[in-house]
2 protein chains.
Amino acid sequence: MAATRRSNSDGPARPRLRDARRRMIEGAIESLRVHGASATSVDRVLADTGAPRGSVYHHFPGGRTQLITDALATAGGSMSEFIEAITRDNDPLVALDMFVALWRQTLIDSDYRAGCPIIAVAVETNDDAPEFAAAAAAIFARWNAALTDLLTRHGLDPARARRMATLTVAAVEGAIALCRVERDVAPLEDTIGELQSHLAAAIGASTD
Amino acid sequence: MAATRRSNSDGPARPRLRDARRRMIEGAIESLRVHGASATSVDRVLADTGAPRGSVYHHFPGGRTQLITDALATAGGSMSEFIEAITRDNDPLVALDMFVALWRQTLIDSDYRAGCPIIAVAVETNDDAPEFAAAAAAIFARWNAALTDLLTRHGLDPARARRMATLTVAAVEGAIALCRVERDVAPLEDTIGELQSHLAAAIGASTD
């Protein structure tokens, strides 16, 4: 977003630098997804992306902490936008179907190597960078808010809707990890099927 | 277990070596819980536990891979025994209460620094040690089997019981991660409350 806002004042050299920043952020997100937070270093991302080392000092003066923080903001932002879009325009069961379809594809396309970059941060206590956990909490809260809003629109009282949203985020995150170690999408399919049955019962009861 | 079986032939020097092995495994489990898999190195565990470096070569000739594999076996074994005990002797809602009580305590006692050592491995693709994922999958499968058995005893058909067990394991694992970043047990309480309501409805319907 900052890059877009600054674009009018950028000279001809800037697009390459912006491109290096984008590549490094995408590389950091991919590394978080596959290898987890501790394994995501500036050196690994430089090696994976081929970005010039100078771009680190230019775009990420805060080093690894800033690289990961920016990666979380980018990944969390686009995942949140997806969740907000599908929860705005669909009923809860369809929204869950769309969510699981995306994850099924991510798991299969990556041969079960890639998971969620946000959970990667959430299962590690980073004493040097408490901002990682704070960023993850804010992203999970944004997903929870979108789901809570969807469920209240379908008749659940706000407290129940929020609890159900928490269950959904927790269960999907856990199921993705189960799929990775089982190398199978069945845990996600089973989890979503049960979540849908639970949601359908709650929504049905609230509209009786 | 191996140490117990060998104890009759152990000379006086052995208890110290066994003690070093135990300390290193406990240190590795703690490191997995707090810092995750990539951050769990032989050096870190030696520093954290004060175990002599010679004990690594003696007890873990396979180095870091063996240390983590043995830590997963120990942690997974004792967690599985706990789950098998509470699912054998209690109804499903009580078993979930006991499970959440243990996790609530672990989260609070560790000031939200410690999570599940198994999920730590499951969210990282370890190309050098695919046995970590296989070990995690086997442990999750053992938990799933205990829960499936409990739920079939309470009237669910085996396929439904297995799906419900998958949802439970996934949701609890995800909820623990949410608790860590929120520094609050509310996500776990909310998740367990909804799981219990879903389980109660399924069991009630199956016995109608």
# chains A, B, ... in the order shown; residues from 1 in each chain; ligands from 1
>>> interface_residues(of="chain A", to="chain B", cutoff="7 Å", atoms="only C-alpha atoms", output="ChimeraX atom specification")
/A:34-36,38-39,113,115,120,122-125,133-134,136-137,163-164,166-167,170-171,173-175,177,180-182,187,190-191,194,198
>>> write_last_selection(atoms="N, CA and C atoms", output="compact mmCIF listing (two decimals), in the first residue's frame")
# COMPACT_ATOMS: atom_id res chain seq x y z
N VAL A 34 6.15 -22.61 4.54
CA VAL A 34 6.79 -23.93 4.37
C VAL A 34 7.66 -24.28 5.57
N HIS A 35 8.52 -23.34 5.98
CA HIS A 35 9.56 -23.68 6.95
C HIS A 35 9.30 -23.14 8.35
N GLY A 36 8.32 -22.25 8.49
CA GLY A 36 8.04 -21.70 9.81
C GLY A 36 8.81 -20.43 10.09
N SER A 38 11.01 -19.45 12.72
CA SER A 38 12.43 -19.44 13.10
C SER A 38 13.34 -19.67 11.91
N ALA A 39 12.86 -20.48 10.95
CA ALA A 39 13.68 -20.82 9.79
C ALA A 39 13.67 -19.72 8.74
N ARG A 113 3.41 -29.06 1.37
CA ARG A 113 4.56 -28.39 1.99
C ARG A 113 4.19 -27.04 2.60
N GLY A 115 1.64 -24.26 4.43
CA GLY A 115 0.48 -24.05 5.29
C GLY A 115 0.21 -22.57 5.44
N ALA A 120 2.25 -20.13 11.63
CA ALA A 120 3.68 -20.38 11.78
C ALA A 120 4.27 -19.50 12.89
N ALA A 122 2.35 -18.09 15.25
CA ALA A 122 1.56 -18.24 16.48
C ALA A 122 2.03 -19.41 17.34
N VAL A 123 2.72 -20.38 16.77
CA VAL A 123 3.17 -21.53 17.56
C VAL A 123 4.60 -21.36 18.06
N GLU A 124 5.19 -20.19 17.87
CA GLU A 124 6.54 -19.94 18.37
C GLU A 124 6.53 -18.69 19.23
N THR A 125 7.14 -18.78 20.40
CA THR A 125 7.33 -17.59 21.22
C THR A 125 8.63 -16.92 20.78
N ALA A 133 3.70 -11.99 17.37
CA ALA A 133 2.48 -12.52 18.00
C ALA A 133 1.36 -11.48 17.96
N ALA A 134 1.72 -10.23 18.20
CA ALA A 134 0.71 -9.18 18.17
C ALA A 134 0.11 -9.06 16.77
N ALA A 136 -0.05 -11.47 14.51
CA ALA A 136 -0.88 -12.66 14.28
C ALA A 136 -2.22 -12.51 14.99
N ALA A 137 -2.20 -12.02 16.22
CA ALA A 137 -3.46 -11.84 16.97
C ALA A 137 -4.39 -10.87 16.24
N ARG A 163 -18.13 -16.94 19.34
CA ARG A 163 -17.58 -18.24 19.75
C ARG A 163 -17.49 -19.20 18.56
N MET A 164 -18.52 -19.19 17.74
CA MET A 164 -18.52 -20.06 16.57
C MET A 164 -17.41 -19.64 15.59
N THR A 166 -14.59 -18.28 16.46
CA THR A 166 -13.34 -18.73 17.06
C THR A 166 -13.12 -20.22 16.78
N LEU A 167 -14.19 -21.02 16.99
CA LEU A 167 -14.08 -22.45 16.67
C LEU A 167 -13.67 -22.65 15.21
N ALA A 170 -9.96 -21.66 14.61
CA ALA A 170 -9.10 -22.63 15.30
C ALA A 170 -9.10 -23.96 14.55
N ALA A 171 -10.29 -24.43 14.18
CA ALA A 171 -10.40 -25.76 13.57
C ALA A 171 -9.75 -25.79 12.19
N GLU A 173 -7.31 -23.85 11.09
CA GLU A 173 -5.86 -23.78 11.28
C GLU A 173 -5.30 -25.14 11.71
N GLY A 174 -5.95 -25.77 12.67
CA GLY A 174 -5.48 -27.08 13.12
C GLY A 174 -5.58 -28.12 12.02
N ALA A 175 -6.67 -28.08 11.27
CA ALA A 175 -6.88 -29.08 10.21
C ALA A 175 -5.82 -28.96 9.12
N ALA A 177 -2.75 -28.10 9.50
CA ALA A 177 -1.55 -28.77 10.04
C ALA A 177 -1.70 -30.29 9.99
N ARG A 180 -1.08 -31.47 6.49
CA ARG A 180 0.34 -31.46 6.09
C ARG A 180 1.04 -32.73 6.52
N VAL A 181 0.84 -33.14 7.78
CA VAL A 181 1.58 -34.33 8.23
C VAL A 181 0.97 -35.62 7.70
N GLU A 182 -0.35 -35.61 7.43
CA GLU A 182 -0.97 -36.82 6.84
C GLU A 182 -0.82 -36.85 5.32
N PRO A 187 -8.42 -34.55 6.59
CA PRO A 187 -8.71 -33.86 7.86
C PRO A 187 -9.43 -32.53 7.66
N ASP A 190 -13.09 -33.33 6.54
CA ASP A 190 -13.87 -33.81 7.70
C ASP A 190 -14.19 -32.68 8.66
N THR A 191 -13.19 -31.84 8.91
CA THR A 191 -13.37 -30.72 9.83
C THR A 191 -14.42 -29.75 9.31
N GLU A 194 -18.00 -31.18 9.56
CA GLU A 194 -18.56 -31.08 10.91
C GLU A 194 -18.87 -29.65 11.30
N HIS A 198 -22.50 -28.20 12.37
CA HIS A 198 -22.69 -27.45 13.62
C HIS A 198 -23.29 -26.07 13.33
>>> calpha_fit_rmsd(fixed="chain B", moving="chain A")
0.1 Å
>>> atom_distance(atom1="CA of Asp149 in chain A", atom2="CA of Ala95 in chain A")
12.6 Å
>>> residues_around(residues="Gly155 in chain A", least_positions_apart="3", cutoff="7 Å", atoms="only C-alpha atoms", output="PyMOL selection string")
chain A and resi 151-152+203+206-207
>>> residues_around(residues="range 58-69 of chain B", least_positions_apart="4", cutoff="7 Å", atoms="only C-alpha atoms", output="tab-separated table (two decimals) with N, CA and C atoms, in the first residue's frame")
chain	number	residue	atom	x	y	z
B	21	ARG	N	20.16	-38.08	29.46
B	21	ARG	CA	19.27	-38.34	28.34
B	21	ARG	C	17.87	-37.76	28.64
B	25	ILE	N	15.92	-34.78	26.66
B	25	ILE	CA	14.62	-34.98	26.00
B	25	ILE	C	13.60	-33.99	26.55
B	28	ALA	N	14.35	-30.71	25.05
B	28	ALA	CA	13.93	-30.63	23.63
B	28	ALA	C	12.42	-30.45	23.54
B	41	SER	N	17.67	-26.83	18.57
B	41	SER	CA	18.96	-27.36	18.16
B	41	SER	C	19.61	-28.07	19.34
B	42	VAL	N	20.59	-28.91	19.04
B	42	VAL	CA	21.36	-29.56	20.10
B	42	VAL	C	22.00	-28.51	21.00
B	54	GLY	N	29.01	-34.53	25.88
B	54	GLY	CA	29.27	-35.94	25.59
B	54	GLY	C	28.01	-36.79	25.59
B	73	ALA	N	8.51	-38.74	20.48
B	73	ALA	CA	8.02	-40.03	20.98
B	73	ALA	C	7.65	-39.93	22.45
B	129	ALA	N	14.39	-34.03	7.58
B	129	ALA	CA	13.90	-35.00	8.56
B	129	ALA	C	12.41	-35.24	8.36
B	132	PHE	N	9.92	-36.38	11.18
B	132	PHE	CA	9.20	-35.55	12.14
B	132	PHE	C	7.70	-35.54	11.80
